[in-house]
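**Q** One structure is given below, represented as structure tokens, and several questions about it will come after.
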Amino acid sequence: MKEMILLKNGEIALKGLNRATFEDVLVKNMRRRIEPLGKFTIRKAQSTIFVEPKDETADMDEAFARLRKVFGVAALARACVVEKDLEAIKQMAASYLEDDLLAAKSFKVAAKRSDKKFAYNSPEICQEVGGYLLSRFPHLHVDVHQPQVVVEVEVRDFGAYIHAAQIPGAGGMPVGTSGKAMLLVSGGLDSPVACFMMAKRGLQLDAVHFVSPPYTSERAKRKVIDLLQQLGGYCGTINLLVVPFTELQERIRDNCPEDLFTIIMRRCMMRIAERLAEQRGCSALITGESLAQVASQTLPALVCTDAAANMPVFRPLIGMDKEEIVRIARQIGTFEISIQPFEDCCTVFTPKHPRTRPNLRLVETGEQNLNADELIERAIAGTERLRIDGTGGLFPENTPLR
Ligand code: ATP
Ligand code: MG
């Protein structure tokens, strides 16, 4: 028996003249993700994409699991390929969906015939296949409104397929169709979720992570790599820029008012992130901040942070509660990694009483003796560049894309 995977476009289907471009990006993203699993043919027809293995060796279970994470897919199903012959279709429906049909009480057949040369029309296919299945599985009854199993039969120009109902895909827009942005990623719970949410809207992401050895460990950096490897299944390739931040943090500690340490540190992060974003052709910054979650995320604090950068700063979690964020973190598999206890540079030199209502004038005065420019240049020059591909591989950044 030959199987394939059938996928429905999501929002892309609504795009007018640009639709083909969006679809091409989607197909390219899908191809990259499943390429290591075998040889596949990917074909588009109307708003459906067909992924067909070229031989028996392709890993279909893993391909299906990976395609469930590709943004731009609204729904997908595994299907079997069958000869365009009514008898063959009946028997294949009974054997391919046997387990589902045995476990169910009710079913219906839904047929689509785009090959008008096929001798039976859709209602006739439903009737014939439905009747046959009732004779093979006498415990079943037909329920057209709320069936437990839907047996879908599609007769297309290039073949006939049988599958059960489609399951929801990752939704959103194909990564790369909305441009590029720079994520500020820590090892915490929030920024990986922010990454997922913005990639879902079609942004291709690079990521910047600040490290402060010896205050932060190699394990903290490894944790960020682990997180991005987990997210790669959704976001595709991510370039990770690891910025040495110790000198700047020590300079802040020695020259700025203690109650402003965190806010000044965050402003330095924004300045560096923006410079790196410009170098890499990114047009926005992304953080995992959520209003009022901590002292540096009050409205006055966010105003001061924003003032350090000219680029728009996207904060997809701004209106979410921690519980909602945790729910997504669990769903995308970052929760277990994020809760590992390795220090982030944000927790180095934290003030006992951070100012929760700073204003820009006060902060700029507090930065008077900082002289950060040269240190910012040095931090940028010392940045380590890594590349994490959509299948979990880790490479130096200049590695050619597969
Ligand atoms: P997270 O769970 O993402 O760490 P948080 O609620 O702990 O967020 P902070 O630690 O104050 O809040 O960080 C706020 C945001 O600043 C993070 O979501 C992230 O975007 C960015 N950030 C924090 N630490 C780092 C870091 N070491 N490198 C890069 N960005 C960072
Ligand atoms: Mg944090």
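Labels for the structure tokens follow display order: chains A, B, ..., residues from 1 in each chain, ligands from 1.
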So that I can see what lies close to Arg33 (chain A), please list as a PDB file with C-alpha atoms, in the first residue's frame the residues with an atom at most 7 Å from it, counting only C-alpha atoms and leaving out residues fewer than 3 positions away in the same chain.

**A**
ATOM      1  CA  ASN A  29       9.864  25.181   4.064  1.00  0.00           C
ATOM      2  CA  MET A  30       8.151  21.785   3.995  1.00  0.00           C
ATOM      3  CA  ARG A  66       7.326  17.417  11.236  1.00  0.00           C
ATOM      4  CA  GLY A 390      14.967  23.419  11.250  1.00  0.00           C
ATOM      5  CA  THR A 391      15.838  19.794  11.886  1.00  0.00           C
TER       6      THR A 391
END

**Q** What lies within 12 Å of Asn121 (chain A) using only C-alpha atoms, ignoring chain neighbours under 3 positions off, as number ranges by chain?

**A** A: 86, 110-118, 124-128, 153-155

**Q** Could I get the residue neighbourhood of ligand 1 at 6 Å, counting only C-alpha atoms and all ligand atoms, as number ranges by chain?

**A** A: 184-191, 208-211, 287-289, 344-346

**Q** Convert the current residue selection to file output with C-alpha atoms, as a short mmCIF file (atom, residue, chain, number, x, y, z; two decimals), in the first residue's frame.

**A**
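Contents of out33.cif, freshly written:
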data_model
loop_
_atom_site.label_atom_id
_atom_site.label_comp_id
_atom_site.auth_asym_id
_atom_site.auth_seq_id
_atom_site.Cartn_x
_atom_site.Cartn_y
_atom_site.Cartn_z
CA LEU A 184 16.06 38.61 22.19
CA VAL A 185 16.16 35.13 23.68
CA SER A 186 16.92 34.19 27.28
CA GLY A 187 16.66 30.74 28.78
CA GLY A 188 13.37 31.69 30.45
CA LEU A 189 9.83 30.64 29.67
CA ASP A 190 8.66 33.73 27.86
CA SER A 191 11.02 34.52 24.99
CA VAL A 208 20.51 37.29 20.08
CA HIS A 209 21.49 35.96 23.49
CA PHE A 210 23.58 37.84 26.04
CA VAL A 211 25.99 35.90 28.24
CA THR A 287 11.04 40.24 23.33
CA GLY A 288 9.13 38.00 25.72
CA GLU A 289 7.94 40.85 27.94
CA ASP A 344 20.52 34.19 33.02
CA CYS A 345 22.55 37.39 32.87
CA CYS A 346 19.39 39.31 33.84
#

**Q** Choose the residue, out of A:Asn359, A:Ser290, A:Thr305, A:Asn371, that has the smallest atom-to-atom separation from ligand 2; count only C-alpha atoms and all ligand atoms.

**A**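 Between A:Asn359, A:Ser290, A:Thr305, A:Asn371, the residue approaching ligand 2 most closely is A:Ser290.
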
**Q** Report as an NGL selection string all protein, DNA and RNA residues lying within 10 Å of Phe64 (chain A), evaluated on only C-alpha atoms, omitting residues in the same chain fewer than 5 positions from it.

**A** :A and (4-6 or 34 or 51 or 59 or 69 or 76-78)

**Q** Between A:Asn9, A:Thr262, A:Pro316, A:Phe40, which one has atoms that come closest to Pro354 (chain A), using only C-alpha atoms?

**A**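 The answer is A:Thr262, which sits nearest to Pro354 (chain A).
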
**Q** Residues of region 63-161 of chain A classed as helix (DSSP H, G or I) by DSSP on the backbone are to be reported as number ranges by chain.

**A** A: 63-67, 86-96, 98-103, 122-136

**Q** Report, in Å to a single decimal, how far apart CA of Met198 (chain A) and CA of Val27 (chain A) are.

**A**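 Going from CA of Val27 (chain A) over to CA of Met198 (chain A), I get 19.6 Å.
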
**Q** How many Å separate CA of Ala307 (chain A) from CA of Cys282 (chain A)?

**A**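 Pair CA of Ala307 (chain A) / CA of Cys282 (chain A) returns 18.4 Å.
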
**Q** Just checking: using only C-alpha atoms, which residue out of A:Met269, A:Ala207, A:Ala119, A:Val109 ends up closest to Thr246 (chain A)?

**A**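 Of all the options, A:Met269 lies closest to Thr246 (chain A).
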
**Q** Considering only C-alpha atoms and all ligand atoms, can you say which of A:Asp259, A:Glu247, A:Glu343, A:Glu364 comes closest to ligand 2?

**A**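 With only C-alpha atoms and all ligand atoms as the atom set, the closest residue is A:Glu343.
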
**Q** Need to verify the contact set: Ile388 (chain A), 7 Å, only C-alpha atoms, exclusion of same-chain residues closer than 5 positions in sequence. Can you return it as a PyMOL selection string?

**A** chain A and resi 229+237-239+393-395

**Q** Generate the output file for the selected residues, N, CA and C atoms, as a PDB file, in the first residue's frame.

**A**
ATOM      1  N   GLN A 229      16.750  24.685  19.202  1.00  0.00           N
ATOM      2  CA  GLN A 229      16.650  23.432  18.444  1.00  0.00           C
ATOM      3  C   GLN A 229      15.223  22.902  18.513  1.00  0.00           C
ATOM      4  N   THR A 237      15.313  27.529  10.077  1.00  0.00           N
ATOM      5  CA  THR A 237      16.675  27.898  10.474  1.00  0.00           C
ATOM      6  C   THR A 237      16.691  29.191  11.293  1.00  0.00           C
ATOM      7  N   ILE A 238      17.457  29.174  12.388  1.00  0.00           N
ATOM      8  CA  ILE A 238      17.626  30.374  13.219  1.00  0.00           C
ATOM      9  C   ILE A 238      19.124  30.620  13.393  1.00  0.00           C
ATOM     10  N   ASN A 239      19.571  31.817  13.088  1.00  0.00           N
ATOM     11  CA  ASN A 239      20.954  32.174  13.383  1.00  0.00           C
ATOM     12  C   ASN A 239      20.995  32.719  14.802  1.00  0.00           C
ATOM     13  N   GLY A 393      19.919  20.567  13.708  1.00  0.00           N
ATOM     14  CA  GLY A 393      21.378  20.606  13.543  1.00  0.00           C
ATOM     15  C   GLY A 393      21.964  21.911  14.057  1.00  0.00           C
ATOM     16  N   LEU A 394      23.221  21.866  14.540  1.00  0.00           N
ATOM     17  CA  LEU A 394      23.899  23.065  15.058  1.00  0.00           C
ATOM     18  C   LEU A 394      25.199  23.254  14.290  1.00  0.00           C
ATOM     19  N   PHE A 395      25.377  24.419  13.689  1.00  0.00           N
ATOM     20  CA  PHE A 395      26.539  24.651  12.832  1.00  0.00           C
ATOM     21  C   PHE A 395      27.092  26.049  13.073  1.00  0.00           C
TER      22      PHE A 395
END

**Q** Nearest to ligand 2: which of A:Thr347, A:Tyr161, A:Ala45, A:Arg378 is it, counting only C-alpha atoms and all ligand atoms?

**A** A:Thr347

**Q** Just want the 9 Å neighbourhood of Ile376 (chain A), counted on only C-alpha atoms, with same-chain residues fewer than 5 positions away dropped. Output as a tab-separated table (two decimals) with C-alpha atoms, in the first residue's frame.

**A**
chain	number	residue	atom	x	y	z
A	245	PHE	CA	27.91	41.10	28.10
A	248	LEU	CA	28.97	46.12	30.16
A	268	CYS	CA	22.05	48.30	26.45
A	271	ARG	CA	20.99	48.99	21.49
A	272	ILE	CA	23.17	45.97	20.74
A	381	ALA	CA	32.90	42.45	17.68

**Q** Contacts of Glu11 (chain A) at 10 Å or less, counting only C-alpha atoms, minus same-chain residues fewer than 2 places along, as a count of residues only?

**A** 14
